[in-house]
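For reference, upload24.tsv is printed below; it contains TSV, C-alpha atoms and all ligand atoms.
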```
chain	number	residue	atom	x	y	z
S	8	MET	CA	64.21	13.47	22.75
S	9	THR	CA	64.96	9.81	23.51
S	10	ALA	CA	63.22	8.58	26.65
S	11	ALA	CA	65.46	7.50	29.53
S	12	VAL	CA	63.33	4.39	30.00
S	13	THR	CA	60.18	3.21	28.26
S	14	VAL	CA	57.86	0.51	29.61
S	15	THR	CA	55.34	-0.89	27.16
S	16	GLY	CA	52.93	-3.65	28.04
S	17	GLN	CA	50.71	-5.13	30.64
S	18	VAL	CA	50.93	-7.04	33.93
S	19	ARG	CA	48.63	-9.93	34.82
S	20	ILE	CA	48.25	-11.35	38.30
S	21	ASP	CA	46.35	-14.61	38.60
S	22	ARG	CA	45.37	-14.14	34.91
S	23	ARG	CA	43.71	-10.82	35.70
S	24	ALA	CA	45.10	-7.70	34.04
S	25	LEU	CA	46.11	-5.05	36.60
S	26	PHE	CA	45.58	-2.33	33.96
S	27	PRO	CA	45.15	-2.18	30.16
S	28	PRO	CA	48.32	-2.13	28.01
S	29	ILE	CA	50.29	1.03	28.76
S	30	ARG	CA	53.32	2.93	27.50
S	31	LEU	CA	55.19	4.88	30.17
S	32	GLN	CA	58.17	6.99	29.15
S	33	LEU	CA	60.61	8.57	31.57
S	34	ALA	CA	61.74	11.93	30.27
S	35	PRO	CA	65.54	12.13	30.39
S	36	GLY	CA	66.87	14.34	33.18
S	37	LEU	CA	63.39	15.15	34.49
S	38	TRP	CA	61.03	14.10	37.29
S	39	THR	CA	58.13	11.90	36.23
S	40	VAL	CA	55.55	11.39	38.97
S	41	LEU	CA	53.06	8.54	39.06
S	42	LEU	CA	49.87	8.54	41.13
S	43	GLY	CA	46.96	6.15	41.33
S	44	PRO	CA	44.81	4.06	43.63
S	45	SER	CA	46.28	1.50	45.98
S	46	GLY	CA	46.94	-1.87	44.38
S	47	VAL	CA	46.77	-0.66	40.77
S	48	GLY	CA	50.37	-1.66	40.09
S	49	LYS	CA	52.57	1.40	40.62
S	50	SER	CA	55.23	-0.41	42.68
S	51	THR	CA	55.04	-3.30	40.24
S	52	LEU	CA	55.96	-0.88	37.43
S	53	LEU	CA	58.97	0.37	39.42
S	54	ARG	CA	60.10	-3.20	40.06
S	55	LEU	CA	59.78	-3.98	36.35
S	56	ILE	CA	61.97	-1.00	35.46
S	57	ALA	CA	64.49	-2.01	38.13
S	58	GLY	CA	64.56	-5.54	36.70
S	59	LEU	CA	63.26	-7.07	39.94
S	60	PRO	CA	60.81	-9.98	40.17
S	61	ILE	CA	57.11	-9.06	40.29
S	62	GLY	CA	54.13	-10.94	41.66
S	63	GLY	CA	52.61	-11.46	38.21
S	64	VAL	CA	53.39	-11.96	34.54
S	65	PHE	CA	54.61	-9.06	32.41
S	66	ALA	CA	53.83	-9.09	28.70
S	67	GLY	CA	55.78	-6.28	27.10
S	68	ARG	CA	59.19	-4.71	27.16
S	69	VAL	CA	61.39	-2.27	29.07
S	70	GLU	CA	63.61	-0.27	26.72
S	71	ASN	CA	66.76	1.78	27.27
S	72	ARG	CA	67.55	0.16	30.59
S	73	GLN	CA	70.28	2.09	32.39
S	74	PRO	CA	71.92	1.75	35.80
S	75	ILE	CA	69.14	2.35	38.30
S	76	ALA	CA	68.82	3.20	41.98
S	77	LEU	CA	65.55	2.17	43.64
S	78	MET	CA	64.22	3.44	46.94
S	79	ALA	CA	61.47	0.98	47.81
S	80	GLN	CA	58.49	1.66	50.11
S	81	ASP	CA	60.09	-0.38	52.88
S	82	PRO	CA	63.32	1.37	53.94
S	83	GLY	CA	64.92	-2.10	54.09
S	84	LEU	CA	67.65	-1.13	56.54
S	85	LEU	CA	69.92	-3.82	57.91
S	86	PRO	CA	69.30	-3.78	61.68
S	87	TRP	CA	72.87	-4.67	62.63
S	88	LEU	CA	74.42	-1.82	60.63
S	89	THR	CA	74.65	1.79	61.77
S	90	VAL	CA	73.02	4.67	59.93
S	91	ARG	CA	76.37	5.49	58.29
S	92	GLN	CA	76.91	1.86	57.24
S	93	ASN	CA	73.34	1.51	55.95
S	94	ALA	CA	73.70	4.68	53.88
S	95	ALA	CA	76.90	3.28	52.36
S	96	LEU	CA	75.48	-0.21	51.85
S	97	GLY	CA	75.65	-0.10	48.03
S	98	ALA	CA	79.43	0.34	48.02
S	99	ARG	CA	79.82	-2.30	50.74
S	100	LEU	CA	77.81	-4.85	48.74
S	101	ARG	CA	79.98	-4.14	45.71
S	102	GLY	CA	83.11	-4.65	47.81
S	103	GLU	CA	84.07	-1.00	47.35
S	104	ARG	CA	84.98	1.72	49.80
S	105	ALA	CA	82.31	4.45	50.01
S	106	ASP	CA	83.40	7.98	49.19
S	107	ALA	CA	83.77	9.33	52.75
S	108	ALA	CA	83.35	13.01	51.84
S	109	ARG	CA	80.22	12.31	49.77
S	110	LEU	CA	78.80	10.13	52.56
S	111	ALA	CA	79.40	12.83	55.17
S	112	ALA	CA	77.81	15.47	52.94
S	113	ILE	CA	74.72	13.35	52.25
S	114	LEU	CA	74.31	12.44	55.94
S	115	GLN	CA	74.56	16.12	56.75
S	116	ARG	CA	72.04	17.14	54.07
S	117	THR	CA	69.58	14.46	55.16
S	118	GLY	CA	69.91	15.63	58.78
S	119	LEU	CA	71.49	12.35	59.91
S	120	SER	CA	74.98	13.45	60.98
S	121	ASP	CA	74.05	13.34	64.66
S	122	HIS	CA	72.57	9.86	64.24
S	123	ALA	CA	75.32	8.35	62.05
S	124	GLY	CA	76.47	5.88	64.72
S	125	LYS	CA	72.98	4.70	65.72
S	126	LEU	CA	71.33	1.43	64.77
S	127	PRO	CA	67.95	1.55	62.91
S	128	ALA	CA	66.10	0.34	66.02
S	129	ALA	CA	66.99	3.64	67.72
S	130	LEU	CA	65.44	5.74	64.93
S	131	SER	CA	61.94	7.05	64.28
S	132	GLY	CA	60.07	5.93	61.14
S	133	GLY	CA	60.85	9.22	59.44
S	134	GLN	CA	64.54	8.98	60.31
S	135	ARG	CA	64.67	5.46	58.84
S	136	GLN	CA	63.13	6.79	55.65
S	137	ARG	CA	65.81	9.48	55.55
S	138	VAL	CA	68.52	6.79	55.80
S	139	ALA	CA	66.90	5.00	52.85
S	140	LEU	CA	66.92	8.29	50.93
S	141	ALA	CA	70.57	8.87	51.87
S	142	ARG	CA	71.43	5.38	50.60
S	143	THR	CA	69.64	6.09	47.32
S	144	LEU	CA	71.44	9.43	46.97
S	145	MET	CA	74.79	7.69	47.58
S	146	GLU	CA	74.20	5.58	44.48
S	147	ASP	CA	75.31	7.78	41.63
S	148	ARG	CA	72.84	6.48	39.01
S	149	PRO	CA	71.32	8.17	35.96
S	150	VAL	CA	67.85	6.70	36.64
S	151	VAL	CA	66.34	6.90	40.13
S	152	LEU	CA	63.09	5.23	41.17
S	153	LEU	CA	61.41	6.49	44.35
S	154	ASP	CA	58.45	4.63	45.84
S	155	GLU	CA	56.62	6.98	48.23
S	156	PRO	CA	59.96	8.26	49.54
S	157	PHE	CA	58.59	10.94	51.85
S	158	ALA	CA	55.43	9.23	53.13
S	159	ALA	CA	56.45	8.87	56.80
S	160	LEU	CA	57.76	12.41	57.25
S	161	ASP	CA	56.18	15.35	59.05
S	162	ALA	CA	55.21	18.29	56.83
S	163	ARG	CA	58.31	20.40	57.46
S	164	THR	CA	60.80	17.55	57.07
S	165	ARG	CA	58.92	16.32	54.02
S	166	MET	CA	59.29	19.65	52.29
S	167	ALA	CA	62.98	19.84	53.23
S	168	MET	CA	63.56	16.31	51.90
S	169	GLN	CA	61.67	17.11	48.70
S	170	ASP	CA	63.92	20.13	48.15
S	171	LEU	CA	66.99	18.08	48.99
S	172	ALA	CA	66.05	15.29	46.60
S	173	ALA	CA	65.20	17.78	43.84
S	174	GLY	CA	68.64	19.39	44.31
S	175	VAL	CA	70.72	16.24	44.63
S	176	LEU	CA	68.90	14.43	41.81
S	177	ALA	CA	68.85	17.38	39.39
S	178	GLY	CA	69.68	16.13	35.91
S	179	ARG	CA	68.75	12.51	36.75
S	180	SER	CA	65.76	10.77	35.22
S	181	VAL	CA	63.51	10.23	38.22
S	182	LEU	CA	60.30	8.23	38.50
S	183	MET	CA	58.52	8.85	41.80
S	184	VAL	CA	55.37	7.13	43.02
S	185	THR	CA	53.32	9.11	45.51
S	186	HIS	CA	49.81	9.31	46.92
S	187	ASP	CA	50.23	12.99	47.66
S	188	PRO	CA	48.91	15.39	44.97
S	189	ALA	CA	50.71	18.32	46.66
S	190	GLU	CA	54.02	16.46	46.38
S	191	ALA	CA	53.38	15.70	42.70
S	192	ALA	CA	52.46	19.33	42.03
S	193	ARG	CA	55.67	20.56	43.75
S	194	LEU	CA	58.15	18.19	42.13
S	195	ALA	CA	56.90	16.91	38.78
S	196	ASP	CA	58.01	17.78	35.27
S	197	ARG	CA	55.49	15.18	34.08
S	198	ILE	CA	52.53	13.67	35.93
S	199	TYR	CA	50.80	10.40	35.08
S	200	LEU	CA	47.79	8.75	36.65
S	201	LEU	CA	47.59	4.96	36.59
S	202	THR	CA	44.14	3.49	37.12
S	203	GLU	CA	42.34	0.28	36.19
S	204	GLU	CA	41.44	2.08	32.94
S	205	GLY	CA	45.06	2.76	32.01
S	206	LEU	CA	47.68	5.50	32.05
S	207	THR	CA	46.79	9.16	31.45
S	208	GLU	CA	48.94	12.28	31.57
S	209	HIS	CA	47.99	15.22	33.77
S	210	ALA	CA	49.01	18.83	33.09
S	211	VAL	CA	51.82	20.26	35.24
S	212	PRO	CA	52.19	23.88	36.40
S	213	ALA	CA	54.01	26.29	34.09
S	214	THR	CA	56.74	27.00	36.69
S	215	SER	CA	59.81	24.80	37.17
S	216	PRO	CA	60.11	22.35	40.07
S	217	PRO	CA	60.68	22.33	42.95
S	218	ARG	CA	57.75	24.75	43.35
S	219	GLN	CA	56.79	26.68	46.45
S	220	HIS	CA	53.85	25.10	48.26
S	221	ALA	CA	51.98	28.39	47.80
S	222	ASP	CA	52.74	28.59	44.05
S	223	PRO	CA	49.27	29.25	42.54
S	224	GLY	CA	49.95	26.92	39.60
S	225	ALA	CA	51.07	24.13	41.93
S	226	PHE	CA	48.02	24.66	44.10
S	227	ALA	CA	45.67	24.49	41.09
S	228	CYS	CA	47.44	21.35	39.87
S	229	GLN	CA	47.14	19.75	43.32
S	230	THR	CA	43.41	20.49	43.47
S	231	ALA	CA	42.77	19.16	39.97
S	232	LEU	CA	44.78	16.01	40.71
S	233	LEU	CA	42.91	15.41	43.94
S	234	ALA	CA	39.60	15.73	42.09
S	235	ARG	CA	40.71	13.15	39.54
S	236	LEU	CA	41.97	10.76	42.21
S	237	ILE	CA	38.69	11.05	44.12
S	238	GLU	CA	36.69	10.61	40.94
S	239	GLY	CA	38.75	7.51	40.20
S	240	ALA	CA	38.34	7.68	36.45
S	241	PRO	CA	40.46	9.38	33.81
S	242	ARG	CA	38.86	12.32	32.01
M	1	LIG	N1	54.60	-10.76	45.14
M	1	LIG	C1	53.30	-10.65	44.82
M	1	LIG	N2	52.54	-11.75	44.65
M	1	LIG	C2	51.24	-11.66	44.28
M	1	LIG	N3	50.60	-10.49	44.07
M	1	LIG	C3	51.32	-9.37	44.23
M	1	LIG	C4	52.70	-9.38	44.60
M	1	LIG	N4	53.14	-8.10	44.66
M	1	LIG	C5	52.07	-7.32	44.37
M	1	LIG	N5	50.98	-8.09	44.11
M	1	LIG	C6	49.65	-7.59	43.76
M	1	LIG	O1	49.83	-6.76	42.63
M	1	LIG	C7	48.91	-5.68	42.70
M	1	LIG	C8	49.66	-4.40	42.50
M	1	LIG	O2	50.53	-4.20	43.60
M	1	LIG	P1	51.45	-2.89	43.70
M	1	LIG	O3	52.22	-3.02	44.97
M	1	LIG	O4	52.20	-2.74	42.43
M	1	LIG	O5	50.36	-1.74	43.80
M	1	LIG	P2	50.53	-0.19	44.12
M	1	LIG	O6	49.76	0.54	43.09
M	1	LIG	O7	51.97	0.15	44.26
M	1	LIG	O8	49.81	-0.07	45.53
M	1	LIG	P3	50.08	0.89	46.80
M	1	LIG	O9	49.71	2.27	46.35
M	1	LIG	O10	49.14	0.37	47.83
M	1	LIG	O11	51.52	0.76	47.19
M	1	LIG	C9	48.19	-5.78	44.03
M	1	LIG	O12	46.93	-6.34	43.80
M	1	LIG	C10	49.06	-6.71	44.84
M	1	LIG	O13	48.30	-7.44	45.74
```
I'd like the structure from this file rewritten - as structure tokens, please.
Amino acid sequence: MTAAVTVTGQVRIDRRALFPPIRLQLAPGLWTVLLGPSGVGKSTLLRLIAGLPIGGVFAGRVENRQPIALMAQDPGLLPWLTVRQNAALGARLRGERADAARLAAILQRTGLSDHAGKLPAALSGGQRQRVALARTLMEDRPVVLLDEPFAALDARTRMAMQDLAAGVLAGRSVLMVTHDPAEAARLADRIYLLTEEGLTEHAVPATSPPRQHADPGAFACQTALLARLIEGAPR
């Protein structure tokens, strides 16, 4: 199976390597989830794949680049645009008219229909994150990069958004960065840990995502991941 995207190489910041040379492959049509300590370079990897500038020097290559949608850590909403306009920003920037039916459906599924006319300043942090997710879902791209997309959400909304994203992005090649082992265990087809020692793969549950939070395999995976993250070193 040809990978949707492959990143091979290394990033240096101020001449210091963030991590040893790695090879990260995104499985086509599946969810790849990346975890690792703060500052190790996870967002930098997403930016590399998206073709955006990074804070350091990349020695390597990104193969099979395809049209990509990126949901960055910062929701990046334009404060003078309404929720509806922010969600449809991609089309607006391309000088196109957003698909009104699709926009309405995505606002409804992200629980934003009642807030569609509000400005970002009138929203909670979690609602802003949902607008950013809606904007990402509006972009109909084969590769989707999500940088801690559900971090500011309460437990119930987080689970609903995870299920929504899994449904709407089914068949896309997704790379999601998260600090939450439970989220990784629920959503991942592949799990990788990035540390200062490099990239290692972690076993996923036998069931298909999205998994129930009480799925025994997902729970075991979550516990094992947490142990590895606390340990800080690949086994
Ligand atoms: N524009 C920049 N200029 C200089 N250094 C940068 C820049 N962007 C990131 N860095 C540095 O690169 C390193 C990796 O940052 P990155 O944001 O990729 O980490 P991360 O693993 O995503 O962290 P977190 O989990 O905290 O989001 C950090 O040491 C950070 O300070």
Min atom-atom distance to Tyr199 (chain S) from the set S:Ala79, S:Val47, S:Val14, S:Leu31, counting only C-alpha atoms, belongs to S:Leu31
Compute the set of protein, DNA and RNA residues whose minimum atom distance to ligand LIG 1 (chain M) is at most 7 Å, using only C-alpha atoms and all ligand atoms, and state it as an MDAnalysis selection string. chainID S and resid 20 25 43:52 61:63
Which one of S:Leu206, S:Ala159, S:Met166, S:Ile75 sits closest to Gln17 (chain S) if you count only C-alpha atoms? S:Leu206
Residues within 12 Å of Pro223 (chain S), please, as JSON, numbers by chain. Count all atoms listed in the file; anything in the same chain fewer than 5 positions from it doesn't count. {"S": [189, 192, 193, 211, 212, 213, 214, 218, 228, 229, 230]}
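Between CA of Glu146 (chain S) and CA of Leu37 (chain S) there is a distance of 17.6 Å.
For Asp161 (chain S), the non-local neighbours within 12 Å, defined as residues at least 4 positions apart in the same chain or in other chains and counting only C-alpha atoms, are Ser131, Gly132, Gly133, Gln134, Gln136, Arg137, Phe157, Arg165, Met166, Ala167, Met168 and Gln169 of chain S.
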Local residues around (46.5, 8.9, 30.0), at most 10 Å away, using all atoms listed in the file, as a list in words: Ile29, Arg30, Leu31, Ile198, Tyr199, Leu200, Leu201, Thr202, Glu204, Gly205, Leu206, Thr207, Glu208, His209, Pro241 and Arg242 of chain S
Convert the current residue selection to file output with C-alpha atoms, as a JSON list (two decimals), in the frame of the given file.
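Saved the output as again06.json:
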```json
[["chain", "number", "residue", "atom", "x", "y", "z"],
["S", 29, "ILE", "CA", 50.29, 1.03, 28.76],
["S", 30, "ARG", "CA", 53.32, 2.93, 27.50],
["S", 31, "LEU", "CA", 55.19, 4.88, 30.17],
["S", 198, "ILE", "CA", 52.53, 13.67, 35.93],
["S", 199, "TYR", "CA", 50.80, 10.40, 35.08],
["S", 200, "LEU", "CA", 47.79, 8.75, 36.65],
["S", 201, "LEU", "CA", 47.59, 4.96, 36.59],
["S", 202, "THR", "CA", 44.14, 3.49, 37.12],
["S", 204, "GLU", "CA", 41.44, 2.08, 32.94],
["S", 205, "GLY", "CA", 45.06, 2.76, 32.01],
["S", 206, "LEU", "CA", 47.68, 5.50, 32.05],
["S", 207, "THR", "CA", 46.79, 9.16, 31.45],
["S", 208, "GLU", "CA", 48.94, 12.28, 31.57],
["S", 209, "HIS", "CA", 47.99, 15.22, 33.77],
["S", 241, "PRO", "CA", 40.46, 9.38, 33.81],
["S", 242, "ARG", "CA", 38.86, 12.32, 32.01]]
```
Among S:Pro216, S:Gly36, S:Pro86, S:Pro156, Ala129 (chain S) is approached most closely, using all atoms listed in the file, by S:Pro86
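Candidate residues S:Leu194, S:Ala98, S:Ile237, S:Ala123 were compared for distance to Asp170 (chain S), and the nearest is S:Leu194, using all atoms listed in the file.
Straight-line separation from CA of Asp21 (chain S) to CA of Phe65 (chain S): 11.7 Å.
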Neighbour list for Ala11 (chain S) as a PyMOL selection string, cut-off 12 Å, only C-alpha atoms, skip fewer than 3 positions in-chain: chain S and resi 8+14+31-39+56+69-75+149-151+178-182
Write to file, as a PDB file, in the coordinates of the input, the residues of the selection just made, with C-alpha atoms.
```pdb
ATOM      1  CA  MET S   8      64.210  13.470  22.750  1.00  0.00           C
ATOM      2  CA  VAL S  14      57.860   0.510  29.610  1.00  0.00           C
ATOM      3  CA  LEU S  31      55.190   4.880  30.170  1.00  0.00           C
ATOM      4  CA  GLN S  32      58.170   6.990  29.150  1.00  0.00           C
ATOM      5  CA  LEU S  33      60.610   8.570  31.570  1.00  0.00           C
ATOM      6  CA  ALA S  34      61.740  11.930  30.270  1.00  0.00           C
ATOM      7  CA  PRO S  35      65.540  12.130  30.390  1.00  0.00           C
ATOM      8  CA  GLY S  36      66.870  14.340  33.180  1.00  0.00           C
ATOM      9  CA  LEU S  37      63.390  15.150  34.490  1.00  0.00           C
ATOM     10  CA  TRP S  38      61.030  14.100  37.290  1.00  0.00           C
ATOM     11  CA  THR S  39      58.130  11.900  36.230  1.00  0.00           C
ATOM     12  CA  ILE S  56      61.970  -1.000  35.460  1.00  0.00           C
ATOM     13  CA  VAL S  69      61.390  -2.270  29.070  1.00  0.00           C
ATOM     14  CA  GLU S  70      63.610  -0.270  26.720  1.00  0.00           C
ATOM     15  CA  ASN S  71      66.760   1.780  27.270  1.00  0.00           C
ATOM     16  CA  ARG S  72      67.550   0.160  30.590  1.00  0.00           C
ATOM     17  CA  GLN S  73      70.280   2.090  32.390  1.00  0.00           C
ATOM     18  CA  PRO S  74      71.920   1.750  35.800  1.00  0.00           C
ATOM     19  CA  ILE S  75      69.140   2.350  38.300  1.00  0.00           C
ATOM     20  CA  PRO S 149      71.320   8.170  35.960  1.00  0.00           C
ATOM     21  CA  VAL S 150      67.850   6.700  36.640  1.00  0.00           C
ATOM     22  CA  VAL S 151      66.340   6.900  40.130  1.00  0.00           C
ATOM     23  CA  GLY S 178      69.680  16.130  35.910  1.00  0.00           C
ATOM     24  CA  ARG S 179      68.750  12.510  36.750  1.00  0.00           C
ATOM     25  CA  SER S 180      65.760  10.770  35.220  1.00  0.00           C
ATOM     26  CA  VAL S 181      63.510  10.230  38.220  1.00  0.00           C
ATOM     27  CA  LEU S 182      60.300   8.230  38.500  1.00  0.00           C
TER      28      LEU S 182
END
```
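Of the residues under consideration (S:Ala158, S:Leu140, S:Ala231, S:Leu96), S:Leu140 shows the shortest atom-to-atom contact distance to Ala173 (chain S) when counting all atoms listed in the file.
CA of Arg148 (chain S) is found 11.6 Å from CA of Ala177 (chain S).
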Leu144 (chain S): which residues within 8 Å, counting all atoms listed in the file, same-chain residues fewer than 4 positions away excluded, as a tab-separated table (two decimals) with C-alpha atoms, in the coordinates of the input?
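Output below, filename selection.tsv:
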```tsv
chain	number	residue	atom	x	y	z
S	113	ILE	CA	74.72	13.35	52.25
S	140	LEU	CA	66.92	8.29	50.93
S	172	ALA	CA	66.05	15.29	46.60
S	175	VAL	CA	70.72	16.24	44.63
S	176	LEU	CA	68.90	14.43	41.81
```
Please produce region 185-201 of chain S, completed to N, CA and C atoms, as a tab-separated table (two decimals), in the coordinates of the input.
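Contents of out-v7.tsv, freshly written:
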```tsv
chain	number	residue	atom	x	y	z
S	185	THR	N	53.81	8.47	44.29
S	185	THR	CA	53.32	9.11	45.51
S	185	THR	C	51.80	9.06	45.55
S	186	HIS	N	51.26	9.17	46.77
S	186	HIS	CA	49.81	9.31	46.92
S	186	HIS	C	49.44	10.76	47.20
S	187	ASP	N	50.44	11.62	47.21
S	187	ASP	CA	50.23	12.99	47.66
S	187	ASP	C	50.19	13.96	46.47
S	188	PRO	N	49.01	14.47	46.11
S	188	PRO	CA	48.91	15.39	44.97
S	188	PRO	C	49.76	16.64	45.16
S	189	ALA	N	49.91	17.11	46.42
S	189	ALA	CA	50.71	18.32	46.66
S	189	ALA	C	52.18	18.05	46.32
S	190	GLU	N	52.64	16.84	46.67
S	190	GLU	CA	54.02	16.46	46.38
S	190	GLU	C	54.25	16.39	44.87
S	191	ALA	N	53.29	15.80	44.17
S	191	ALA	CA	53.38	15.70	42.70
S	191	ALA	C	53.42	17.10	42.10
S	192	ALA	N	52.54	17.97	42.59
S	192	ALA	CA	52.46	19.33	42.03
S	192	ALA	C	53.73	20.13	42.32
S	193	ARG	N	54.41	19.85	43.43
S	193	ARG	CA	55.67	20.56	43.75
S	193	ARG	C	56.82	20.09	42.89
S	194	LEU	N	56.90	18.76	42.66
S	194	LEU	CA	58.15	18.19	42.13
S	194	LEU	C	58.13	17.79	40.66
S	195	ALA	N	56.95	17.60	40.08
S	195	ALA	CA	56.90	16.91	38.78
S	195	ALA	C	57.20	17.80	37.58
S	196	ASP	N	57.95	17.23	36.63
S	196	ASP	CA	58.01	17.78	35.27
S	196	ASP	C	56.93	17.13	34.41
S	197	ARG	N	56.57	15.90	34.76
S	197	ARG	CA	55.49	15.18	34.08
S	197	ARG	C	54.68	14.44	35.14
S	198	ILE	N	53.38	14.41	34.99
S	198	ILE	CA	52.53	13.67	35.93
S	198	ILE	C	51.69	12.67	35.16
S	199	TYR	N	51.66	11.43	35.67
S	199	TYR	CA	50.80	10.40	35.08
S	199	TYR	C	49.91	9.80	36.16
S	200	LEU	N	48.70	9.47	35.76
S	200	LEU	CA	47.79	8.75	36.65
S	200	LEU	C	47.62	7.33	36.11
S	201	LEU	N	47.83	6.35	36.98
S	201	LEU	CA	47.59	4.96	36.59
S	201	LEU	C	46.35	4.48	37.31
```
